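Asks: Next up, work_2.pdb (PDB, C-alpha atoms and all ligand atoms).
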ATOM      1  CA  MET A 214      19.112  22.172  18.365
ATOM      2  CA  ASN A 215      21.800  21.991  15.700
ATOM      3  CA  MET A 216      21.379  20.179  12.414
ATOM      4  CA  GLN A 217      23.461  17.166  13.401
ATOM      5  CA  ASN A 218      21.258  16.668  16.455
ATOM      6  CA  ARG A 219      18.100  16.888  14.373
ATOM      7  CA  ILE A 220      19.429  14.273  11.972
ATOM      8  CA  GLN A 221      20.347  11.991  14.864
ATOM      9  CA  GLN A 222      16.889  12.425  16.383
ATOM     10  CA  MET A 223      15.178  11.502  13.112
ATOM     11  CA  PHE A 224      17.313   8.404  12.660
ATOM     12  CA  LYS A 225      16.579   7.356  16.251
ATOM     13  CA  ALA A 226      12.831   7.982  15.867
ATOM     14  CA  SER A 227      12.789   5.931  12.658
ATOM     15  CA  ILE A 228      14.688   3.060  14.300
ATOM     16  CA  GLU A 229      12.348   3.132  17.324
ATOM     17  CA  THR A 230       9.263   3.021  15.110
ATOM     18  CA  LYS A 231      10.692   0.107  13.152
ATOM     19  CA  GLN A 232      11.502  -1.711  16.393
ATOM     20  CA  LYS A 233       7.919  -1.236  17.629
ATOM     21  CA  ALA A 234       6.600  -2.321  14.231
ATOM     22  CA  LEU A 235       8.677  -5.505  14.411
ATOM     23  CA  ASP A 236       6.696  -6.461  17.530
ATOM     24  CA  VAL A 237       3.278  -6.068  15.908
ATOM     25  CA  LEU A 238       3.440  -6.294  12.089
ATOM     26  CA  PRO A 239       4.981  -9.627  11.004
ATOM     27  CA  ASP A 240       1.697 -11.593  11.166
ATOM     28  CA  SER A 241      -0.267  -9.091   9.110
ATOM     29  CA  ILE A 242       2.562  -8.751   6.559
ATOM     30  CA  GLU A 243       2.620 -12.538   6.168
ATOM     31  CA  GLN A 244      -1.181 -12.656   5.767
ATOM     32  CA  ALA A 245      -1.049  -9.881   3.187
ATOM     33  CA  SER A 246       1.614 -11.710   1.196
ATOM     34  CA  ILE A 247      -0.484 -14.910   1.180
ATOM     35  CA  LEU A 248      -3.498 -12.967  -0.055
ATOM     36  CA  MET A 249      -1.428 -11.390  -2.859
ATOM     37  CA  VAL A 250       0.221 -14.688  -3.845
ATOM     38  CA  ASN A 251      -3.168 -16.420  -4.036
ATOM     39  CA  SER A 252      -4.471 -13.666  -6.278
ATOM     40  CA  LEU A 253      -1.406 -13.796  -8.564
ATOM     41  CA  LEU A 254      -1.630 -17.619  -8.782
ATOM     42  CA  ASN A 255      -5.261 -17.252  -9.899
ATOM     43  CA  GLU A 256      -4.523 -14.801 -12.730
ATOM     44  CA  GLY A 257      -5.298 -11.831 -10.482
ATOM     45  CA  LYS A 258      -3.465  -8.526 -10.343
ATOM     46  CA  ILE A 259      -2.707  -5.909  -7.721
ATOM     47  CA  LEU A 260      -3.929  -2.318  -7.994
ATOM     48  CA  ALA A 261      -2.257   0.238  -5.707
ATOM     49  CA  CYS A 262      -3.195   3.754  -4.620
ATOM     50  CA  GLY A 263      -2.375   6.517  -2.147
ATOM     51  CA  ASN A 264      -1.673  10.257  -1.965
ATOM     52  CA  GLY A 265       1.591  12.194  -1.853
ATOM     53  CA  GLY A 266       4.383  10.015  -0.488
ATOM     54  CA  SER A 267       1.966   7.083  -0.566
ATOM     55  CA  ALA A 268       1.394   7.670  -4.304
ATOM     56  CA  GLY A 269       5.152   7.205  -4.636
ATOM     57  CA  ASP A 270       4.912   4.031  -2.536
ATOM     58  CA  SER A 271       2.163   2.711  -4.833
ATOM     59  CA  GLN A 272       4.428   3.231  -7.835
ATOM     60  CA  HIS A 273       7.435   1.793  -6.012
ATOM     61  CA  PHE A 274       5.447  -1.387  -5.311
ATOM     62  CA  SER A 275       4.001  -1.755  -8.810
ATOM     63  CA  SER A 276       7.402  -1.227 -10.463
ATOM     64  CA  GLU A 277       8.924  -3.933  -8.273
ATOM     65  CA  LEU A 278       6.241  -6.362  -9.412
ATOM     66  CA  LEU A 279       6.120  -5.323 -13.055
ATOM     67  CA  ASN A 280       9.875  -5.141 -13.477
ATOM     68  CA  ARG A 281      11.867  -6.826 -10.733
ATOM     69  CA  PHE A 282      12.698  -6.790  -7.044
ATOM     70  CA  GLU A 283      15.948  -8.562  -6.124
ATOM     71  CA  ARG A 284      16.133 -11.447  -8.569
ATOM     72  CA  GLU A 285      15.527 -12.380 -12.177
ATOM     73  CA  ARG A 286      11.972 -13.621 -12.588
ATOM     74  CA  PRO A 287       8.952 -13.104 -14.866
ATOM     75  CA  SER A 288       7.034  -9.820 -14.636
ATOM     76  CA  LEU A 289       4.088  -9.807 -12.255
ATOM     77  CA  PRO A 290       0.848  -7.880 -12.857
ATOM     78  CA  ALA A 291       0.390  -4.686 -10.842
ATOM     79  CA  ILE A 292      -0.915  -1.211 -11.649
ATOM     80  CA  ALA A 293      -0.374   2.026  -9.721
ATOM     81  CA  LEU A 294      -3.550   4.109 -10.058
ATOM     82  CA  THR A 295      -1.581   7.301  -9.380
ATOM     83  CA  THR A 296       0.251   7.841 -12.659
ATOM     84  CA  ASP A 297      -2.162   8.677 -15.490
ATOM     85  CA  SER A 298      -2.472  12.456 -15.182
ATOM     86  CA  SER A 299      -5.094  12.742 -17.943
ATOM     87  CA  THR A 300      -7.369  10.241 -16.231
ATOM     88  CA  ILE A 301      -6.759  11.638 -12.751
ATOM     89  CA  THR A 302      -7.253  15.301 -13.708
ATOM     90  CA  SER A 303     -10.394  14.607 -15.709
ATOM     91  CA  ILE A 304     -12.008  12.553 -12.948
ATOM     92  CA  ALA A 305     -11.108  15.224 -10.369
ATOM     93  CA  ASN A 306     -12.338  17.991 -12.682
ATOM     94  CA  ASP A 307     -15.561  16.384 -13.889
ATOM     95  CA  TYR A 308     -16.538  14.467 -10.753
ATOM     96  CA  SER A 309     -14.426  14.837  -7.619
ATOM     97  CA  TYR A 310     -10.978  14.203  -6.260
ATOM     98  CA  GLU A 311     -12.521  11.559  -4.022
ATOM     99  CA  GLU A 312     -13.246   9.432  -7.089
ATOM    100  CA  ILE A 313      -9.824   9.469  -8.808
ATOM    101  CA  PHE A 314      -9.019   5.906  -7.704
ATOM    102  CA  SER A 315     -12.485   4.378  -7.349
ATOM    103  CA  LYS A 316     -13.465   5.139 -10.955
ATOM    104  CA  GLN A 317     -10.290   3.429 -12.198
ATOM    105  CA  ILE A 318     -10.991   0.429  -9.955
ATOM    106  CA  ARG A 319     -14.533   0.118 -11.265
ATOM    107  CA  ALA A 320     -13.057  -0.101 -14.780
ATOM    108  CA  LEU A 321      -9.957  -2.214 -14.163
ATOM    109  CA  GLY A 322     -10.734  -4.263 -11.049
ATOM    110  CA  ARG A 323     -11.839  -7.877 -11.400
ATOM    111  CA  ASP A 324     -13.067 -10.507  -8.991
ATOM    112  CA  GLY A 325      -9.985 -11.905  -7.230
ATOM    113  CA  ASP A 326      -7.735  -8.884  -7.754
ATOM    114  CA  VAL A 327      -6.186  -7.165  -4.733
ATOM    115  CA  LEU A 328      -6.178  -3.471  -3.822
ATOM    116  CA  LEU A 329      -3.125  -2.149  -1.980
ATOM    117  CA  ALA A 330      -4.603   0.953  -0.269
ATOM    118  CA  ILE A 331      -2.033   3.219   1.381
ATOM    119  CA  SER A 332      -2.879   6.008   3.833
ATOM    120  CA  THR A 333      -0.842   7.017   6.890
ATOM    121  CA  SER A 334      -3.887   8.619   8.555
ATOM    122  CA  GLY A 335      -6.415   6.101   7.311
ATOM    123  CA  ASN A 336      -8.597   9.076   6.444
ATOM    124  CA  SER A 337      -7.965  10.022   2.799
ATOM    125  CA  ALA A 338     -11.383  10.159   1.150
ATOM    126  CA  ASN A 339     -10.162   8.928  -2.243
ATOM    127  CA  VAL A 340      -8.514   5.870  -0.651
ATOM    128  CA  ILE A 341     -11.744   5.170   1.267
ATOM    129  CA  GLN A 342     -13.736   5.353  -1.968
ATOM    130  CA  ALA A 343     -11.160   3.030  -3.571
ATOM    131  CA  ILE A 344     -11.817   0.447  -0.842
ATOM    132  CA  HIS A 345     -15.587   0.656  -1.412
ATOM    133  CA  ALA A 346     -15.055   0.160  -5.159
ATOM    134  CA  ALA A 347     -12.721  -2.787  -4.537
ATOM    135  CA  HIS A 348     -15.308  -4.482  -2.322
ATOM    136  CA  ASP A 349     -17.980  -3.884  -4.965
ATOM    137  CA  ARG A 350     -15.653  -5.683  -7.410
ATOM    138  CA  ASN A 351     -15.097  -8.629  -5.030
ATOM    139  CA  MET A 352     -11.475  -7.664  -4.552
ATOM    140  CA  GLN A 353      -9.651  -8.173  -1.278
ATOM    141  CA  VAL A 354      -7.873  -5.215   0.282
ATOM    142  CA  VAL A 355      -4.462  -4.861   1.885
ATOM    143  CA  ALA A 356      -4.467  -1.531   3.749
ATOM    144  CA  LEU A 357      -1.220   0.085   4.835
ATOM    145  CA  THR A 358      -2.204   2.535   7.573
ATOM    146  CA  GLY A 359      -0.875   4.265  10.700
ATOM    147  CA  ARG A 360      -2.161   6.148  13.758
ATOM    148  CA  ASP A 361      -5.431   4.462  14.827
ATOM    149  CA  GLY A 362      -6.265   3.159  11.353
ATOM    150  CA  GLY A 363      -8.597   6.144  10.847
ATOM    151  CA  ASN A 364     -11.816   5.624   8.928
ATOM    152  CA  ILE A 365     -10.265   2.854   6.840
ATOM    153  CA  ALA A 366      -9.867   0.322   9.674
ATOM    154  CA  PRO A 367     -13.612  -0.183  10.348
ATOM    155  CA  LEU A 368     -14.341  -0.458   6.601
ATOM    156  CA  LEU A 369     -12.220  -3.549   6.134
ATOM    157  CA  LEU A 370     -13.868  -6.967   5.784
ATOM    158  CA  PRO A 371     -12.730 -10.130   7.597
ATOM    159  CA  ASP A 372     -10.751 -11.353   4.542
ATOM    160  CA  ASP A 373      -8.899  -8.040   4.156
ATOM    161  CA  VAL A 374      -5.608  -7.285   5.902
ATOM    162  CA  GLU A 375      -4.586  -4.085   7.668
ATOM    163  CA  ILE A 376      -0.887  -3.408   8.231
ATOM    164  CA  ARG A 377      -1.071  -0.582  10.791
ATOM    165  CA  VAL A 378       2.200   1.086  11.727
ATOM    166  CA  PRO A 379       2.307   2.026  15.442
ATOM    167  CA  SER A 380       3.118   5.739  15.051
ATOM    168  CA  ASN A 381       1.268   9.062  14.789
ATOM    169  CA  VAL A 382       3.971  10.721  12.673
ATOM    170  CA  THR A 383       3.312  10.589   8.927
ATOM    171  CA  ALA A 384       6.986  10.396   7.926
ATOM    172  CA  ARG A 385       7.727   7.569  10.389
ATOM    173  CA  VAL A 386       4.652   5.658   9.192
ATOM    174  CA  GLN A 387       5.794   6.062   5.577
ATOM    175  CA  GLU A 388       9.259   4.766   6.424
ATOM    176  CA  VAL A 389       7.748   1.554   7.776
ATOM    177  CA  HIS A 390       5.286   1.307   4.869
ATOM    178  CA  LEU A 391       8.247   1.119   2.498
ATOM    179  CA  LEU A 392       9.829  -1.623   4.603
ATOM    180  CA  ALA A 393       6.532  -3.531   4.621
ATOM    181  CA  ILE A 394       6.338  -3.177   0.820
ATOM    182  CA  HIS A 395       9.818  -4.653   0.466
ATOM    183  CA  CYS A 396       8.840  -7.514   2.802
ATOM    184  CA  LEU A 397       5.776  -8.183   0.622
ATOM    185  CA  CYS A 398       7.917  -8.227  -2.551
ATOM    186  CA  ASP A 399      10.406 -10.612  -0.918
ATOM    187  CA  LEU A 400       7.682 -12.970   0.336
ATOM    188  CA  ILE A 401       5.862 -12.964  -3.018
ATOM    189  CA  ASP A 402       9.087 -13.800  -4.891
ATOM    190  CA  ASN A 403      10.017 -16.514  -2.408
ATOM    191  CA  HIS A 404       6.631 -18.120  -2.607
ATOM    192  CA  LEU A 405       6.285 -17.985  -6.391
ATOM    193  CA  PHE A 406       9.874 -18.586  -7.451
ATOM    194  CA  GLY A 407      11.489 -20.540  -4.628
ATOM    195  CA  CYS A 408      13.254 -19.793  -1.411
ATOM    196  CA  GLU A 409      16.398 -17.669  -1.425
ATOM    197  CA  GLU A 410      18.422 -16.923   1.696
TER     198      GLU A 410
HETATM  199  O1  LIG A 501       4.930  12.422   2.076
HETATM  200  C1  LIG A 501       4.245  13.168   2.719
HETATM  201  C2  LIG A 501       4.561  13.492   4.134
HETATM  202  O2  LIG A 501       5.705  12.782   4.558
HETATM  203  C3  LIG A 501       3.017  13.826   2.139
HETATM  204  O3  LIG A 501       3.166  13.978   0.738
HETATM  205  C4  LIG A 501       1.751  12.991   2.436
HETATM  206  O4  LIG A 501       1.871  11.750   1.785
HETATM  207  C5  LIG A 501       0.495  13.719   1.961
HETATM  208  O5  LIG A 501       0.280  14.838   2.807
HETATM  209  C6  LIG A 501      -0.768  12.852   1.927
HETATM  210  O6  LIG A 501      -1.810  13.580   1.341
HETATM  211  C7  LIG A 501      -1.180  12.293   3.281
HETATM  212  O7  LIG A 501      -2.262  11.410   3.097
HETATM  213  P1  LIG A 501      -2.546  10.164   4.052
HETATM  214  O8  LIG A 501      -1.262   9.414   4.247
HETATM  215  O9  LIG A 501      -3.067  10.722   5.363
HETATM  216  O10 LIG A 501      -3.584   9.337   3.343
HETATM  217 ZN    ZN A 502       6.939  11.869   2.943
END
Show this structure as structure tokens.
Ligand SMILES: O=C(CO)[C@@H](O)[C@H](O)[C@H](O)[C@H](O)COP(=O)(O)O
Ligand SMILES: [Zn+2]

Replies:
Amino acid sequence: MNMQNRIQQMFKASIETKQKALDVLPDSIEQASILMVNSLLNEGKILACGNGGSAGDSQHFSSELLNRFERERPSLPAIALTTDSSTITSIANDYSYEEIFSKQIRALGRDGDVLLAISTSGNSANVIQAIHAAHDRNMQVVALTGRDGGNIAPLLLPDDVEIRVPSNVTARVQEVHLLAIHCLCDLIDNHLFGCEE
């Protein structure tokens, strides 16, 4: 297969995954946005975590809240737990890689905060530990997952929200995660700062 064909195939696969996601995700994205808005209205904040591309997604989300998304508005409180290399390397070195997010959540998480937990497989051990820590802190969880939800899906409580992308391909799942993150930012801004077309 030549390179042009490969590119066309990837675009088509991404479009197909987004089309399938459109059939199944809008309700859970709306629920997740309501949960986040309620937290923000009650002085809560959103902590975000994930590995690799999902670490980037965590930072993408937190920067859109802390700085701006598509309009001028006050900064909103969010922290990506993926950025402090001194904290992350020392936790991984002294304890375990599994605890790099959970230890930060035990320090920073408060009752009423929200954890945005991102894992395409639903199986990353450090994201699973993060969810346990969030529950211990009385935080609600929004989980962005894929495949069959992995080991994360059965961990979630009734008040949590799973946004599970219907694909088994990590890259395709990530592409929809980013779209879901932009939907969440749009819905949060619309709810807090008024409707924009
Ligand atoms: O971006 C990619 C692949 O597209 C990778 O960096 C990927 O995020 C990493 O392999 C992650 O460690 C995968 O973790 P997870 O999504 O299964 O939790
Ligand atoms: Zn990637």

Asks: Could I get the residue neighbourhood of ligand LIG 501 (chain A) at 6 Å, counting all atoms listed in the file, as a VMD selection string?

Replies: chain A and resid 264 to 267 332 to 337 383 to 384

Asks: If you count all atoms listed in the file, which residues fall within 8 Å of range 303-316 of chain A, apart from same-chain ones fewer than 5 positions away, as an NGL selection string?

Replies: :A and (262 or 294-295 or 338-340 or 342-347)

Asks: What do you get, as a ChimeraX atom specification, if you spell out every residue that the PyMOL selection byres (((chain A and resi 350) around 10) and not hetatm) selects here?

Replies: /A:318-327,344-349,351-353

Asks: Calculated over all atoms listed in the file, which of the candidates A:Gln217, A:Thr358, A:Asn403, A:Thr300 has the smallest distance to Glu388 in chain A?

Replies: A:Thr358

Asks: Output as JSON the centre and edge lengths (Å, one decimal) of the box along x, y and z of the file that holds every listed atom of range 369-377 of chain A after adding 5 Å on each side.

Replies:
{"center_x": -7.4, "center_y": -6.0, "center_z": 7.5, "size_x": 23.0, "size_y": 20.8, "size_z": 16.6}

Asks: Care to translate the PyMOL selection byres (((chain A and resi 374-379) around 8) and not hetatm) into actual residues of this file, as a ChimeraX atom specification?

Replies: /A:230,233-234,238,241-242,244-245,354-362,366,369,371-373,380-381,386,389-390

Asks: Just the number, please: distance in Å from CA of Glu243 in chain A to CA of Leu392 in chain A, one decimal.

Replies: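 So the answer is 13.2 Å.
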
Asks: To one decimal place, how far is CA of Gly263 in chain A from CA of Ile331 in chain A in Å?

Replies: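 According to the coordinates, CA of Gly263 in chain A and CA of Ile331 in chain A are separated by 4.8 Å.
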
Asks: Choose the residue, out of A:Gln387, A:Asn280, A:Ser246, A:Ser298, that has the smallest atom-to-atom separation from Leu329 in chain A; count all atoms listed in the file.

Replies: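 Comparing A:Gln387, A:Asn280, A:Ser246, A:Ser298 against Leu329 in chain A, the winner is A:Ser246.
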
Asks: Enter the distance from CA of Ile401 in chain A to CA of Gly363 in chain A, in Å, rounded to one decimal.

Replies: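 Taking CA of Ile401 in chain A and CA of Gly363 in chain A, their separation equals 27.7 Å.
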
Asks: When you count all atoms listed in the file, which of these residues is closest to ligand ZN 502 (chain A): A:Leu235, A:Ala226, A:Ala293, A:Ala268?

Replies: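 Distance minimum relative to ligand ZN 502 (chain A) lands on A:Ala268.
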
Asks: Measuring atom to atom with only C-alpha atoms and all ligand atoms, identify which of A:Glu277, A:Gly269, A:Asp399, A:Leu253 is nearest to ligand ZN 502 (chain A).

Replies: A:Gly269

Asks: Nearest to ligand ZN 502 (chain A): which of A:Val382, A:Ala393, A:Met249, A:Cys408 is it, counting all atoms listed in the file?

Replies: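 Answer, going by the shortest atom-to-atom distance: A:Val382.
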
Asks: Tell me which of A:Leu328, A:Cys398, A:Leu391, A:Ile292 sits closest to ligand ZN 502 (chain A), counting only C-alpha atoms and all ligand atoms.

Replies: A:Leu391

Asks: Residue by residue, what does the PyMOL selection byres (((chain A and resi 276) around 12) and not hetatm) grab here? Present the result as a ChimeraX atom specification.

Replies: /A:259-261,269-275,277-282,288-293,296,394-395,398

Asks: Can you give me N, CA and C atoms for range 238-256 of chain A, written as a short mmCIF file (atom, residue, chain, number, x, y, z; two decimals), keeping the file's coordinate frame?

Replies:
data_model
loop_
_atom_site.label_atom_id
_atom_site.label_comp_id
_atom_site.auth_asym_id
_atom_site.auth_seq_id
_atom_site.Cartn_x
_atom_site.Cartn_y
_atom_site.Cartn_z
N LEU A 238 3.85 -6.18 13.50
CA LEU A 238 3.44 -6.29 12.09
C LEU A 238 3.72 -7.62 11.37
N PRO A 239 4.65 -8.46 11.83
CA PRO A 239 4.98 -9.63 11.00
C PRO A 239 3.79 -10.50 10.62
N ASP A 240 2.84 -10.74 11.53
CA ASP A 240 1.70 -11.59 11.17
C ASP A 240 0.87 -10.99 10.03
N SER A 241 0.58 -9.69 10.15
CA SER A 241 -0.27 -9.09 9.11
C SER A 241 0.49 -8.99 7.78
N ILE A 242 1.80 -8.78 7.83
CA ILE A 242 2.56 -8.75 6.56
C ILE A 242 2.54 -10.14 5.91
N GLU A 243 2.67 -11.17 6.73
CA GLU A 243 2.62 -12.54 6.17
C GLU A 243 1.24 -12.81 5.55
N GLN A 244 0.19 -12.45 6.31
CA GLN A 244 -1.18 -12.66 5.77
C GLN A 244 -1.38 -11.90 4.46
N ALA A 245 -0.89 -10.68 4.41
CA ALA A 245 -1.05 -9.88 3.19
C ALA A 245 -0.32 -10.53 2.02
N SER A 246 0.86 -11.08 2.29
CA SER A 246 1.61 -11.71 1.20
C SER A 246 0.88 -12.95 0.69
N ILE A 247 0.26 -13.71 1.60
CA ILE A 247 -0.48 -14.91 1.18
C ILE A 247 -1.66 -14.52 0.29
N LEU A 248 -2.36 -13.46 0.73
CA LEU A 248 -3.50 -12.97 -0.06
C LEU A 248 -3.05 -12.54 -1.47
N MET A 249 -1.92 -11.84 -1.55
CA MET A 249 -1.43 -11.39 -2.86
C MET A 249 -0.97 -12.57 -3.71
N VAL A 250 -0.25 -13.51 -3.10
CA VAL A 250 0.22 -14.69 -3.84
C VAL A 250 -0.97 -15.47 -4.39
N ASN A 251 -2.00 -15.67 -3.57
CA ASN A 251 -3.17 -16.42 -4.04
C ASN A 251 -3.82 -15.72 -5.22
N SER A 252 -3.90 -14.40 -5.16
CA SER A 252 -4.47 -13.67 -6.28
C SER A 252 -3.61 -13.85 -7.53
N LEU A 253 -2.30 -13.69 -7.40
CA LEU A 253 -1.41 -13.80 -8.56
C LEU A 253 -1.46 -15.21 -9.16
N LEU A 254 -1.58 -16.24 -8.28
CA LEU A 254 -1.63 -17.62 -8.78
C LEU A 254 -2.94 -17.90 -9.52
N ASN A 255 -3.96 -17.07 -9.25
CA ASN A 255 -5.26 -17.25 -9.90
C ASN A 255 -5.50 -16.20 -10.97
N GLU A 256 -4.43 -15.77 -11.62
CA GLU A 256 -4.52 -14.80 -12.73
C GLU A 256 -4.99 -13.43 -12.28
#
